[in-house]
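S.K.: Handing you this structure, nothing more for now.
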Amino acid sequence: MGILNLTPDSFFAGSRMSGDRELLLASAKKMILDGADMLDLGGYSTRPGAAEVSAQEELDRVVPAVEAIRREFPEIPISVDTFRSQVARAAVTAGADLINDISAGELDEDMLPLIASMKVPYIAMHIRGNPKNMHEHTNYSDILSEILYYFSEKVDLFRKLGIIDVILDPGFGFAKTVEQNFLLLKNLKSFGVLGLPLLVGISRKSMIHKSLDIPASEALNGTTALNMFALTQGANLLRVHDVKEAKQTIKLFEQLYP
């Protein structure tokens, strides 16, 4: 999954496409040629301390981008990264294929009924609080069991609502310290008991660049190393800024584990 940020303030400057249609299409084309299986478009930066974005502004960023990519590249699946049902509805209507929700329905009570009614695949991520205050919610008694319980409750709810196509994302970097992120990654196989595909999104995140004492712009090598480990621990989908390198990692993994 290749990341295309339609924002001016995402944490990794190399992924920003704010308002530049030609750059967006060129970046989408490069990702597709590099082997992306899907593209993930987001109009609301969820990095710690990011500015608040109105629903209208998010719509204005996301909908034209979905329409442009769908028109230019009709075969590529498009995911839209949003926690707002209003944006999700407009994005799917514009041609998006799935919704990637950092809150698993917690930040908008209309999201899950919408997903059920529109029958689109859904990526549900774990977070505590919201992007503005999540750094204040890292006090877990047992982070692994608490997130497993969170997802088990969510999966039951999804089934009751008729939401069938679900991918789970442990939410690396969202209400988790660097140490907690590594603990989760080390125990990723534990989420296999839920019986659903797992998305891992660690590309250039602070767990890498803070551990190595480098900026995000230099964190590709660390990302590749941890992506390979994530694959060995059961990751089914890698959400990345650098598609070519991730695709090479997957190909080598498949040579090791055909």
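Ordering of the structure tokens sets the chain letters (A, B, ...), residue numbers begin anew at 1 in every chain, and ligands are numbered from 1 in the order given.
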Write out as a PDB file with N, CA, C and O atoms, in the first residue's frame all residues of region 43-211 of chain A that backbone DSSP assigns to alpha helix (DSSP H).
M.R.:
ATOM      1  N   ALA A  55     -13.942  19.215   8.063  1.00  0.00           N
ATOM      2  CA  ALA A  55     -14.456  18.170   7.178  1.00  0.00           C
ATOM      3  C   ALA A  55     -14.492  18.655   5.737  1.00  0.00           C
ATOM      4  O   ALA A  55     -14.160  17.904   4.807  1.00  0.00           O
ATOM      5  N   GLN A  56     -14.858  19.919   5.540  1.00  0.00           N
ATOM      6  CA  GLN A  56     -14.933  20.454   4.184  1.00  0.00           C
ATOM      7  C   GLN A  56     -13.558  20.507   3.527  1.00  0.00           C
ATOM      8  O   GLN A  56     -13.399  20.171   2.355  1.00  0.00           O
ATOM      9  N   GLU A  57     -12.564  20.919   4.294  1.00  0.00           N
ATOM     10  CA  GLU A  57     -11.209  20.967   3.744  1.00  0.00           C
ATOM     11  C   GLU A  57     -10.710  19.574   3.399  1.00  0.00           C
ATOM     12  O   GLU A  57     -10.071  19.366   2.359  1.00  0.00           O
ATOM     13  N   GLU A  58     -11.010  18.607   4.267  1.00  0.00           N
ATOM     14  CA  GLU A  58     -10.619  17.231   3.984  1.00  0.00           C
ATOM     15  C   GLU A  58     -11.306  16.735   2.712  1.00  0.00           C
ATOM     16  O   GLU A  58     -10.674  16.096   1.857  1.00  0.00           O
ATOM     17  N   LEU A  59     -12.589  17.031   2.578  1.00  0.00           N
ATOM     18  CA  LEU A  59     -13.329  16.665   1.364  1.00  0.00           C
ATOM     19  C   LEU A  59     -12.707  17.305   0.122  1.00  0.00           C
ATOM     20  O   LEU A  59     -12.548  16.651  -0.913  1.00  0.00           O
ATOM     21  N   ASP A  60     -12.369  18.580   0.251  1.00  0.00           N
ATOM     22  CA  ASP A  60     -11.798  19.314  -0.887  1.00  0.00           C
ATOM     23  C   ASP A  60     -10.448  18.741  -1.311  1.00  0.00           C
ATOM     24  O   ASP A  60     -10.053  18.857  -2.477  1.00  0.00           O
ATOM     25  N   ARG A  61      -9.732  18.149  -0.366  1.00  0.00           N
ATOM     26  CA  ARG A  61      -8.446  17.530  -0.690  1.00  0.00           C
ATOM     27  C   ARG A  61      -8.625  16.132  -1.281  1.00  0.00           C
ATOM     28  O   ARG A  61      -7.957  15.759  -2.248  1.00  0.00           O
ATOM     29  N   VAL A  62      -9.530  15.375  -0.689  1.00  0.00           N
ATOM     30  CA  VAL A  62      -9.623  13.944  -0.990  1.00  0.00           C
ATOM     31  C   VAL A  62     -10.410  13.639  -2.265  1.00  0.00           C
ATOM     32  O   VAL A  62      -9.948  12.876  -3.126  1.00  0.00           O
ATOM     33  N   VAL A  63     -11.600  14.221  -2.399  1.00  0.00           N
ATOM     34  CA  VAL A  63     -12.487  13.827  -3.499  1.00  0.00           C
ATOM     35  C   VAL A  63     -11.884  14.083  -4.876  1.00  0.00           C
ATOM     36  O   VAL A  63     -11.867  13.174  -5.727  1.00  0.00           O
ATOM     37  N   PRO A  64     -11.335  15.280  -5.150  1.00  0.00           N
ATOM     38  CA  PRO A  64     -10.721  15.476  -6.473  1.00  0.00           C
ATOM     39  C   PRO A  64      -9.549  14.536  -6.729  1.00  0.00           C
ATOM     40  O   PRO A  64      -9.330  14.113  -7.867  1.00  0.00           O
ATOM     41  N   ALA A  65      -8.805  14.202  -5.680  1.00  0.00           N
ATOM     42  CA  ALA A  65      -7.664  13.297  -5.834  1.00  0.00           C
ATOM     43  C   ALA A  65      -8.134  11.887  -6.190  1.00  0.00           C
ATOM     44  O   ALA A  65      -7.554  11.225  -7.062  1.00  0.00           O
ATOM     45  N   VAL A  66      -9.167  11.417  -5.508  1.00  0.00           N
ATOM     46  CA  VAL A  66      -9.731  10.096  -5.827  1.00  0.00           C
ATOM     47  C   VAL A  66     -10.222  10.077  -7.266  1.00  0.00           C
ATOM     48  O   VAL A  66      -9.940   9.135  -8.035  1.00  0.00           O
ATOM     49  N   GLU A  67     -10.949  11.107  -7.657  1.00  0.00           N
ATOM     50  CA  GLU A  67     -11.493  11.169  -9.016  1.00  0.00           C
ATOM     51  C   GLU A  67     -10.375  11.176 -10.063  1.00  0.00           C
ATOM     52  O   GLU A  67     -10.464  10.491 -11.086  1.00  0.00           O
ATOM     53  N   ALA A  68      -9.318  11.945  -9.792  1.00  0.00           N
ATOM     54  CA  ALA A  68      -8.211  12.040 -10.747  1.00  0.00           C
ATOM     55  C   ALA A  68      -7.480  10.704 -10.900  1.00  0.00           C
ATOM     56  O   ALA A  68      -7.185  10.273 -12.025  1.00  0.00           O
ATOM     57  N   ILE A  69      -7.200  10.048  -9.785  1.00  0.00           N
ATOM     58  CA  ILE A  69      -6.491   8.765  -9.848  1.00  0.00           C
ATOM     59  C   ILE A  69      -7.380   7.694 -10.459  1.00  0.00           C
ATOM     60  O   ILE A  69      -6.921   6.887 -11.276  1.00  0.00           O
ATOM     61  N   ARG A  70      -8.656   7.686 -10.101  1.00  0.00           N
ATOM     62  CA  ARG A  70      -9.563   6.695 -10.674  1.00  0.00           C
ATOM     63  C   ARG A  70      -9.680   6.865 -12.190  1.00  0.00           C
ATOM     64  O   ARG A  70      -9.714   5.893 -12.945  1.00  0.00           O
ATOM     65  N   ARG A  71      -9.697   8.101 -12.653  1.00  0.00           N
ATOM     66  CA  ARG A  71      -9.798   8.375 -14.087  1.00  0.00           C
ATOM     67  C   ARG A  71      -8.503   7.975 -14.805  1.00  0.00           C
ATOM     68  O   ARG A  71      -8.538   7.372 -15.879  1.00  0.00           O
ATOM     69  N   GLU A  72      -7.360   8.287 -14.198  1.00  0.00           N
ATOM     70  CA  GLU A  72      -6.065   8.044 -14.840  1.00  0.00           C
ATOM     71  C   GLU A  72      -5.620   6.588 -14.733  1.00  0.00           C
ATOM     72  O   GLU A  72      -5.008   6.046 -15.657  1.00  0.00           O
ATOM     73  N   SER A  85     -17.159   9.786   8.557  1.00  0.00           N
ATOM     74  CA  SER A  85     -18.096   9.082   7.679  1.00  0.00           C
ATOM     75  C   SER A  85     -18.469   9.929   6.470  1.00  0.00           C
ATOM     76  O   SER A  85     -18.667   9.407   5.374  1.00  0.00           O
ATOM     77  N   GLN A  86     -18.560  11.233   6.664  1.00  0.00           N
ATOM     78  CA  GLN A  86     -18.900  12.143   5.572  1.00  0.00           C
ATOM     79  C   GLN A  86     -17.863  12.054   4.452  1.00  0.00           C
ATOM     80  O   GLN A  86     -18.197  12.008   3.263  1.00  0.00           O
ATOM     81  N   VAL A  87     -16.601  12.032   4.838  1.00  0.00           N
ATOM     82  CA  VAL A  87     -15.516  11.931   3.857  1.00  0.00           C
ATOM     83  C   VAL A  87     -15.500  10.537   3.242  1.00  0.00           C
ATOM     84  O   VAL A  87     -15.302  10.378   2.025  1.00  0.00           O
ATOM     85  N   ALA A  88     -15.721   9.520   4.063  1.00  0.00           N
ATOM     86  CA  ALA A  88     -15.737   8.146   3.560  1.00  0.00           C
ATOM     87  C   ALA A  88     -16.820   7.966   2.502  1.00  0.00           C
ATOM     88  O   ALA A  88     -16.585   7.372   1.444  1.00  0.00           O
ATOM     89  N   ARG A  89     -18.012   8.479   2.770  1.00  0.00           N
ATOM     90  CA  ARG A  89     -19.121   8.345   1.819  1.00  0.00           C
ATOM     91  C   ARG A  89     -18.775   9.023   0.488  1.00  0.00           C
ATOM     92  O   ARG A  89     -18.943   8.446  -0.592  1.00  0.00           O
ATOM     93  N   ALA A  90     -18.260  10.257   0.570  1.00  0.00           N
ATOM     94  CA  ALA A  90     -17.922  11.003  -0.645  1.00  0.00           C
ATOM     95  C   ALA A  90     -16.795  10.332  -1.412  1.00  0.00           C
ATOM     96  O   ALA A  90     -16.800  10.299  -2.649  1.00  0.00           O
ATOM     97  N   ALA A  91     -15.831   9.782  -0.677  1.00  0.00           N
ATOM     98  CA  ALA A  91     -14.689   9.133  -1.321  1.00  0.00           C
ATOM     99  C   ALA A  91     -15.117   7.883  -2.078  1.00  0.00           C
ATOM    100  O   ALA A  91     -14.690   7.659  -3.220  1.00  0.00           O
ATOM    101  N   VAL A  92     -15.952   7.065  -1.464  1.00  0.00           N
ATOM    102  CA  VAL A  92     -16.430   5.845  -2.120  1.00  0.00           C
ATOM    103  C   VAL A  92     -17.281   6.207  -3.340  1.00  0.00           C
ATOM    104  O   VAL A  92     -17.170   5.599  -4.406  1.00  0.00           O
ATOM    105  N   THR A  93     -18.119   7.217  -3.188  1.00  0.00           N
ATOM    106  CA  THR A  93     -18.936   7.687  -4.311  1.00  0.00           C
ATOM    107  C   THR A  93     -18.055   8.170  -5.462  1.00  0.00           C
ATOM    108  O   THR A  93     -18.393   7.990  -6.638  1.00  0.00           O
ATOM    109  N   ALA A  94     -16.900   8.760  -5.123  1.00  0.00           N
ATOM    110  CA  ALA A  94     -15.977   9.276  -6.138  1.00  0.00           C
ATOM    111  C   ALA A  94     -15.133   8.183  -6.780  1.00  0.00           C
ATOM    112  O   ALA A  94     -14.451   8.438  -7.777  1.00  0.00           O
ATOM    113  N   MET A 111     -19.676   6.025  11.197  1.00  0.00           N
ATOM    114  CA  MET A 111     -18.752   5.357  10.287  1.00  0.00           C
ATOM    115  C   MET A 111     -19.104   3.883  10.070  1.00  0.00           C
ATOM    116  O   MET A 111     -19.223   3.427   8.923  1.00  0.00           O
ATOM    117  N   LEU A 112     -19.261   3.132  11.134  1.00  0.00           N
ATOM    118  CA  LEU A 112     -19.492   1.694  10.965  1.00  0.00           C
ATOM    119  C   LEU A 112     -20.818   1.393  10.263  1.00  0.00           C
ATOM    120  O   LEU A 112     -20.846   0.535   9.365  1.00  0.00           O
ATOM    121  N   PRO A 113     -21.930   2.065  10.613  1.00  0.00           N
ATOM    122  CA  PRO A 113     -23.161   1.849   9.836  1.00  0.00           C
ATOM    123  C   PRO A 113     -22.974   2.185   8.362  1.00  0.00           C
ATOM    124  O   PRO A 113     -23.534   1.509   7.487  1.00  0.00           O
ATOM    125  N   LEU A 114     -22.184   3.224   8.065  1.00  0.00           N
ATOM    126  CA  LEU A 114     -21.932   3.587   6.667  1.00  0.00           C
ATOM    127  C   LEU A 114     -21.172   2.479   5.947  1.00  0.00           C
ATOM    128  O   LEU A 114     -21.534   2.088   4.823  1.00  0.00           O
ATOM    129  N   ILE A 115     -20.109   1.978   6.575  1.00  0.00           N
ATOM    130  CA  ILE A 115     -19.311   0.907   5.969  1.00  0.00           C
ATOM    131  C   ILE A 115     -20.193  -0.310   5.702  1.00  0.00           C
ATOM    132  O   ILE A 115     -20.116  -0.936   4.640  1.00  0.00           O
ATOM    133  N   ALA A 116     -21.051  -0.630   6.665  1.00  0.00           N
ATOM    134  CA  ALA A 116     -21.957  -1.772   6.503  1.00  0.00           C
ATOM    135  C   ALA A 116     -22.915  -1.551   5.334  1.00  0.00           C
ATOM    136  O   ALA A 116     -23.158  -2.464   4.531  1.00  0.00           O
ATOM    137  N   SER A 117     -23.452  -0.339   5.216  1.00  0.00           N
ATOM    138  CA  SER A 117     -24.442  -0.070   4.168  1.00  0.00           C
ATOM    139  C   SER A 117     -23.801   0.007   2.782  1.00  0.00           C
ATOM    140  O   SER A 117     -24.404  -0.413   1.795  1.00  0.00           O
ATOM    141  N   MET A 118     -22.567   0.533   2.702  1.00  0.00           N
ATOM    142  CA  MET A 118     -21.903   0.661   1.406  1.00  0.00           C
ATOM    143  C   MET A 118     -21.140  -0.599   1.012  1.00  0.00           C
ATOM    144  O   MET A 118     -20.684  -0.737  -0.121  1.00  0.00           O
ATOM    145  N   ILE A 143      -0.251  -3.980  27.326  1.00  0.00           N
ATOM    146  CA  ILE A 143      -0.634  -3.430  26.029  1.00  0.00           C
ATOM    147  C   ILE A 143      -1.099  -4.495  25.046  1.00  0.00           C
ATOM    148  O   ILE A 143      -2.072  -4.300  24.311  1.00  0.00           O
ATOM    149  N   LEU A 144      -0.445  -5.633  25.022  1.00  0.00           N
ATOM    150  CA  LEU A 144      -0.789  -6.667  24.059  1.00  0.00           C
ATOM    151  C   LEU A 144      -2.193  -7.216  24.306  1.00  0.00           C
ATOM    152  O   LEU A 144      -3.023  -7.280  23.389  1.00  0.00           O
ATOM    153  N   SER A 145      -2.473  -7.590  25.562  1.00  0.00           N
ATOM    154  CA  SER A 145      -3.788  -8.156  25.858  1.00  0.00           C
ATOM    155  C   SER A 145      -4.889  -7.107  25.711  1.00  0.00           C
ATOM    156  O   SER A 145      -6.014  -7.416  25.285  1.00  0.00           O
ATOM    157  N   GLU A 146      -4.575  -5.853  26.029  1.00  0.00           N
ATOM    158  CA  GLU A 146      -5.587  -4.800  25.909  1.00  0.00           C
ATOM    159  C   GLU A 146      -5.954  -4.532  24.455  1.00  0.00           C
ATOM    160  O   GLU A 146      -7.128  -4.333  24.130  1.00  0.00           O
ATOM    161  N   ILE A 147      -4.966  -4.545  23.559  1.00  0.00           N
ATOM    162  CA  ILE A 147      -5.272  -4.315  22.140  1.00  0.00           C
ATOM    163  C   ILE A 147      -5.971  -5.531  21.547  1.00  0.00           C
ATOM    164  O   ILE A 147      -6.894  -5.391  20.724  1.00  0.00           O
ATOM    165  N   LEU A 148      -5.577  -6.716  21.960  1.00  0.00           N
ATOM    166  CA  LEU A 148      -6.276  -7.922  21.502  1.00  0.00           C
ATOM    167  C   LEU A 148      -7.741  -7.908  21.936  1.00  0.00           C
ATOM    168  O   LEU A 148      -8.636  -8.248  21.150  1.00  0.00           O
ATOM    169  N   TYR A 149      -7.978  -7.485  23.163  1.00  0.00           N
ATOM    170  CA  TYR A 149      -9.363  -7.399  23.649  1.00  0.00           C
ATOM    171  C   TYR A 149     -10.137  -6.343  22.865  1.00  0.00           C
ATOM    172  O   TYR A 149     -11.295  -6.558  22.478  1.00  0.00           O
ATOM    173  N   TYR A 150      -9.509  -5.202  22.619  1.00  0.00           N
ATOM    174  CA  TYR A 150     -10.121  -4.126  21.838  1.00  0.00           C
ATOM    175  C   TYR A 150     -10.574  -4.649  20.477  1.00  0.00           C
ATOM    176  O   TYR A 150     -11.711  -4.430  20.047  1.00  0.00           O
ATOM    177  N   PHE A 151      -9.674  -5.376  19.806  1.00  0.00           N
ATOM    178  CA  PHE A 151     -10.011  -5.882  18.475  1.00  0.00           C
ATOM    179  C   PHE A 151     -11.047  -6.998  18.530  1.00  0.00           C
ATOM    180  O   PHE A 151     -11.889  -7.101  17.633  1.00  0.00           O
ATOM    181  N   SER A 152     -10.992  -7.844  19.555  1.00  0.00           N
ATOM    182  CA  SER A 152     -11.993  -8.921  19.639  1.00  0.00           C
ATOM    183  C   SER A 152     -13.395  -8.337  19.782  1.00  0.00           C
ATOM    184  O   SER A 152     -14.353  -8.837  19.173  1.00  0.00           O
ATOM    185  N   GLU A 153     -13.527  -7.257  20.570  1.00  0.00           N
ATOM    186  CA  GLU A 153     -14.823  -6.581  20.704  1.00  0.00           C
ATOM    187  C   GLU A 153     -15.236  -5.946  19.376  1.00  0.00           C
ATOM    188  O   GLU A 153     -16.407  -5.993  18.989  1.00  0.00           O
ATOM    189  N   LYS A 154     -14.273  -5.327  18.690  1.00  0.00           N
ATOM    190  CA  LYS A 154     -14.561  -4.698  17.404  1.00  0.00           C
ATOM    191  C   LYS A 154     -15.014  -5.729  16.375  1.00  0.00           C
ATOM    192  O   LYS A 154     -15.958  -5.516  15.620  1.00  0.00           O
ATOM    193  N   VAL A 155     -14.310  -6.854  16.315  1.00  0.00           N
ATOM    194  CA  VAL A 155     -14.639  -7.894  15.338  1.00  0.00           C
ATOM    195  C   VAL A 155     -16.061  -8.414  15.567  1.00  0.00           C
ATOM    196  O   VAL A 155     -16.819  -8.624  14.616  1.00  0.00           O
ATOM    197  N   ASP A 156     -16.442  -8.590  16.822  1.00  0.00           N
ATOM    198  CA  ASP A 156     -17.818  -9.010  17.141  1.00  0.00           C
ATOM    199  C   ASP A 156     -18.821  -7.971  16.630  1.00  0.00           C
ATOM    200  O   ASP A 156     -19.856  -8.318  16.050  1.00  0.00           O
ATOM    201  N   LEU A 157     -18.511  -6.707  16.856  1.00  0.00           N
ATOM    202  CA  LEU A 157     -19.394  -5.634  16.403  1.00  0.00           C
ATOM    203  C   LEU A 157     -19.477  -5.601  14.880  1.00  0.00           C
ATOM    204  O   LEU A 157     -20.572  -5.453  14.308  1.00  0.00           O
ATOM    205  N   PHE A 158     -18.343  -5.748  14.217  1.00  0.00           N
ATOM    206  CA  PHE A 158     -18.343  -5.747  12.748  1.00  0.00           C
ATOM    207  C   PHE A 158     -19.252  -6.853  12.217  1.00  0.00           C
ATOM    208  O   PHE A 158     -20.029  -6.626  11.271  1.00  0.00           O
ATOM    209  N   ARG A 159     -19.156  -8.029  12.814  1.00  0.00           N
ATOM    210  CA  ARG A 159     -19.958  -9.158  12.341  1.00  0.00           C
ATOM    211  C   ARG A 159     -21.445  -8.896  12.551  1.00  0.00           C
ATOM    212  O   ARG A 159     -22.275  -9.222  11.699  1.00  0.00           O
ATOM    213  N   LYS A 160     -21.786  -8.313  13.683  1.00  0.00           N
ATOM    214  CA  LYS A 160     -23.195  -8.004  13.953  1.00  0.00           C
ATOM    215  C   LYS A 160     -23.751  -6.997  12.950  1.00  0.00           C
ATOM    216  O   LYS A 160     -24.928  -7.055  12.577  1.00  0.00           O
ATOM    217  N   LEU A 161     -22.891  -6.070  12.530  1.00  0.00           N
ATOM    218  CA  LEU A 161     -23.317  -5.040  11.583  1.00  0.00           C
ATOM    219  C   LEU A 161     -23.280  -5.525  10.138  1.00  0.00           C
ATOM    220  O   LEU A 161     -23.805  -4.856   9.240  1.00  0.00           O
ATOM    221  N   VAL A 178       7.797   4.421  21.866  1.00  0.00           N
ATOM    222  CA  VAL A 178       8.727   3.684  21.015  1.00  0.00           C
ATOM    223  C   VAL A 178       8.881   2.249  21.514  1.00  0.00           C
ATOM    224  O   VAL A 178       8.826   1.285  20.742  1.00  0.00           O
ATOM    225  N   GLU A 179       9.038   2.105  22.821  1.00  0.00           N
ATOM    226  CA  GLU A 179       9.221   0.761  23.402  1.00  0.00           C
ATOM    227  C   GLU A 179       7.978  -0.105  23.195  1.00  0.00           C
ATOM    228  O   GLU A 179       8.088  -1.298  22.892  1.00  0.00           O
ATOM    229  N   GLN A 180       6.817   0.493  23.356  1.00  0.00           N
ATOM    230  CA  GLN A 180       5.563  -0.254  23.146  1.00  0.00           C
ATOM    231  C   GLN A 180       5.403  -0.681  21.695  1.00  0.00           C
ATOM    232  O   GLN A 180       4.907  -1.771  21.401  1.00  0.00           O
ATOM    233  N   ASN A 181       5.831   0.180  20.764  1.00  0.00           N
ATOM    234  CA  ASN A 181       5.765  -0.177  19.346  1.00  0.00           C
ATOM    235  C   ASN A 181       6.604  -1.417  19.055  1.00  0.00           C
ATOM    236  O   ASN A 181       6.172  -2.322  18.328  1.00  0.00           O
ATOM    237  N   PHE A 182       7.794  -1.464  19.611  1.00  0.00           N
ATOM    238  CA  PHE A 182       8.649  -2.625  19.373  1.00  0.00           C
ATOM    239  C   PHE A 182       8.082  -3.887  20.034  1.00  0.00           C
ATOM    240  O   PHE A 182       8.186  -4.984  19.481  1.00  0.00           O
ATOM    241  N   LEU A 183       7.482  -3.725  21.199  1.00  0.00           N
ATOM    242  CA  LEU A 183       6.851  -4.863  21.861  1.00  0.00           C
ATOM    243  C   LEU A 183       5.721  -5.422  21.001  1.00  0.00           C
ATOM    244  O   LEU A 183       5.581  -6.644  20.844  1.00  0.00           O
ATOM    245  N   LEU A 184       4.915  -4.523  20.429  1.00  0.00           N
ATOM    246  CA  LEU A 184       3.819  -4.955  19.558  1.00  0.00           C
ATOM    247  C   LEU A 184       4.348  -5.675  18.319  1.00  0.00           C
ATOM    248  O   LEU A 184       3.830  -6.717  17.928  1.00  0.00           O
ATOM    249  N   LEU A 185       5.365  -5.098  17.712  1.00  0.00           N
ATOM    250  CA  LEU A 185       5.916  -5.703  16.499  1.00  0.00           C
ATOM    251  C   LEU A 185       6.492  -7.080  16.791  1.00  0.00           C
ATOM    252  O   LEU A 185       6.303  -8.030  16.023  1.00  0.00           O
ATOM    253  N   LYS A 186       7.171  -7.185  17.916  1.00  0.00           N
ATOM    254  CA  LYS A 186       7.772  -8.463  18.309  1.00  0.00           C
ATOM    255  C   LYS A 186       6.718  -9.539  18.540  1.00  0.00           C
ATOM    256  O   LYS A 186       6.969 -10.726  18.345  1.00  0.00           O
ATOM    257  N   SER A 206       8.577   7.292  14.019  1.00  0.00           N
ATOM    258  CA  SER A 206       9.506   7.674  15.085  1.00  0.00           C
ATOM    259  C   SER A 206      10.144   6.471  15.765  1.00  0.00           C
ATOM    260  O   SER A 206      11.255   6.578  16.268  1.00  0.00           O
ATOM    261  N   MET A 207       9.461   5.314  15.788  1.00  0.00           N
ATOM    262  CA  MET A 207      10.075   4.142  16.398  1.00  0.00           C
ATOM    263  C   MET A 207      11.370   3.775  15.676  1.00  0.00           C
ATOM    264  O   MET A 207      12.263   3.175  16.275  1.00  0.00           O
ATOM    265  N   ILE A 208      11.470   4.164  14.410  1.00  0.00           N
ATOM    266  CA  ILE A 208      12.684   3.913  13.643  1.00  0.00           C
ATOM    267  C   ILE A 208      13.660   5.071  13.773  1.00  0.00           C
ATOM    268  O   ILE A 208      14.794   4.898  14.219  1.00  0.00           O
ATOM    269  N   HIS A 209      13.219   6.279  13.401  1.00  0.00           N
ATOM    270  CA  HIS A 209      14.203   7.365  13.353  1.00  0.00           C
ATOM    271  C   HIS A 209      14.645   7.850  14.737  1.00  0.00           C
ATOM    272  O   HIS A 209      15.774   8.301  14.907  1.00  0.00           O
ATOM    273  N   LYS A 210      13.775   7.704  15.747  1.00  0.00           N
ATOM    274  CA  LYS A 210      14.219   8.047  17.098  1.00  0.00           C
ATOM    275  C   LYS A 210      15.198   7.006  17.630  1.00  0.00           C
ATOM    276  O   LYS A 210      16.171   7.343  18.306  1.00  0.00           O
ATOM    277  N   SER A 211      14.942   5.743  17.323  1.00  0.00           N
ATOM    278  CA  SER A 211      15.841   4.679  17.782  1.00  0.00           C
ATOM    279  C   SER A 211      17.220   4.811  17.157  1.00  0.00           C
ATOM    280  O   SER A 211      18.236   4.485  17.781  1.00  0.00           O
TER     281      SER A 211
END
S.K.: Mind dumping a table of every region 165-225 of chain A residue within 8 Å of region 237-250 of chain A, with the nearest atom pair and its distance in Å to one decimal, using only C-alpha atoms, sorted by chain and rising number, as a tab-separated table?
M.R.:
residue	atom	partner	partner_atom	distance
A:Pro197	CA	A:Leu237	CA	7.7
A:Leu198	CA	A:Leu237	CA	6.4
A:Leu199	CA	A:Leu237	CA	4.6
A:Val200	CA	A:Leu238	CA	5.2
A:Gly201	CA	A:Arg239	CA	4.8
A:Ile202	CA	A:Arg239	CA	7.4
A:Ser203	CA	A:Val240	CA	5.1
A:Arg204	CA	A:His241	CA	7.9
A:Leu220	CA	A:Asp242	CA	7.7
A:Thr224	CA	A:Ala246	CA	6.6
S.K.: Set the distance at 7 Å and use only C-alpha atoms: which residues neighbour Ala124 (chain A) once local chain neighbours fewer than 2 positions away are removed? I'd like the list as a VMD selection string.
M.R.: chain A and resid 100 to 104 122 126 167 to 169
S.K.: For the residues in the current selection, export N, CA, C and O atoms as a PDB file, in the first residue's frame.
M.R.:
ATOM      1  N   ASN A 100      -9.807   3.361   5.245  1.00  0.00           N
ATOM      2  CA  ASN A 100      -8.772   3.107   6.235  1.00  0.00           C
ATOM      3  C   ASN A 100      -9.000   4.076   7.398  1.00  0.00           C
ATOM      4  O   ASN A 100      -8.710   5.261   7.277  1.00  0.00           O
ATOM      5  N   ASP A 101      -9.533   3.574   8.501  1.00  0.00           N
ATOM      6  CA  ASP A 101      -9.986   4.413   9.622  1.00  0.00           C
ATOM      7  C   ASP A 101      -9.077   4.228  10.832  1.00  0.00           C
ATOM      8  O   ASP A 101      -9.059   3.156  11.439  1.00  0.00           O
ATOM      9  N   ILE A 102      -8.352   5.281  11.199  1.00  0.00           N
ATOM     10  CA  ILE A 102      -7.427   5.186  12.331  1.00  0.00           C
ATOM     11  C   ILE A 102      -8.141   4.926  13.651  1.00  0.00           C
ATOM     12  O   ILE A 102      -7.510   4.529  14.628  1.00  0.00           O
ATOM     13  N   SER A 103      -9.461   5.140  13.701  1.00  0.00           N
ATOM     14  CA  SER A 103     -10.176   5.033  14.971  1.00  0.00           C
ATOM     15  C   SER A 103     -11.090   3.819  15.065  1.00  0.00           C
ATOM     16  O   SER A 103     -11.754   3.628  16.091  1.00  0.00           O
ATOM     17  N   ALA A 104     -11.144   3.007  14.016  1.00  0.00           N
ATOM     18  CA  ALA A 104     -12.031   1.835  14.004  1.00  0.00           C
ATOM     19  C   ALA A 104     -13.468   2.202  14.385  1.00  0.00           C
ATOM     20  O   ALA A 104     -14.163   1.447  15.042  1.00  0.00           O
ATOM     21  N   TYR A 122     -12.807  -2.545   4.910  1.00  0.00           N
ATOM     22  CA  TYR A 122     -12.562  -1.589   5.994  1.00  0.00           C
ATOM     23  C   TYR A 122     -11.289  -1.960   6.736  1.00  0.00           C
ATOM     24  O   TYR A 122     -11.097  -3.113   7.138  1.00  0.00           O
ATOM     25  N   HIS A 126      -6.106   0.501  15.784  1.00  0.00           N
ATOM     26  CA  HIS A 126      -6.210   0.777  17.218  1.00  0.00           C
ATOM     27  C   HIS A 126      -5.596   2.129  17.550  1.00  0.00           C
ATOM     28  O   HIS A 126      -4.489   2.458  17.117  1.00  0.00           O
ATOM     29  N   ILE A 167      -9.585  -5.544   7.639  1.00  0.00           N
ATOM     30  CA  ILE A 167      -8.152  -5.677   7.884  1.00  0.00           C
ATOM     31  C   ILE A 167      -7.862  -4.950   9.194  1.00  0.00           C
ATOM     32  O   ILE A 167      -8.391  -3.856   9.427  1.00  0.00           O
ATOM     33  N   LEU A 168      -7.048  -5.539  10.046  1.00  0.00           N
ATOM     34  CA  LEU A 168      -6.717  -4.933  11.333  1.00  0.00           C
ATOM     35  C   LEU A 168      -5.324  -4.304  11.305  1.00  0.00           C
ATOM     36  O   LEU A 168      -4.403  -4.850  10.706  1.00  0.00           O
ATOM     37  N   ASP A 169      -5.209  -3.155  11.959  1.00  0.00           N
ATOM     38  CA  ASP A 169      -3.943  -2.422  12.049  1.00  0.00           C
ATOM     39  C   ASP A 169      -3.675  -2.113  13.519  1.00  0.00           C
ATOM     40  O   ASP A 169      -4.450  -1.376  14.141  1.00  0.00           O
TER      41      ASP A 169
END
S.K.: Which of these, A:Ala26, A:Ala175, A:Val166, A:Ala230, has the shortest distance to Gly129 (chain A) once you count only C-alpha atoms?
M.R.: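 Checking each candidate against Gly129 (chain A), we get A:Ala175 as the closest.
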S.K.: Set the distance at 9 Å and use only C-alpha atoms: which residues neighbour Thr232 (chain A) once local chain neighbours fewer than 4 positions away are removed? I'd like the list as a ChimeraX atom specification.
M.R.: /A:189,227-228,253,257
S.K.: Please report, as an MDAnalysis selection string, each residue of region 27-197 of chain A to which DSSP assigns strand (DSSP E or B) when run on this structure's backbone.
M.R.: chainID A and resid 39:42 78:81 98:101 122:125 166:169
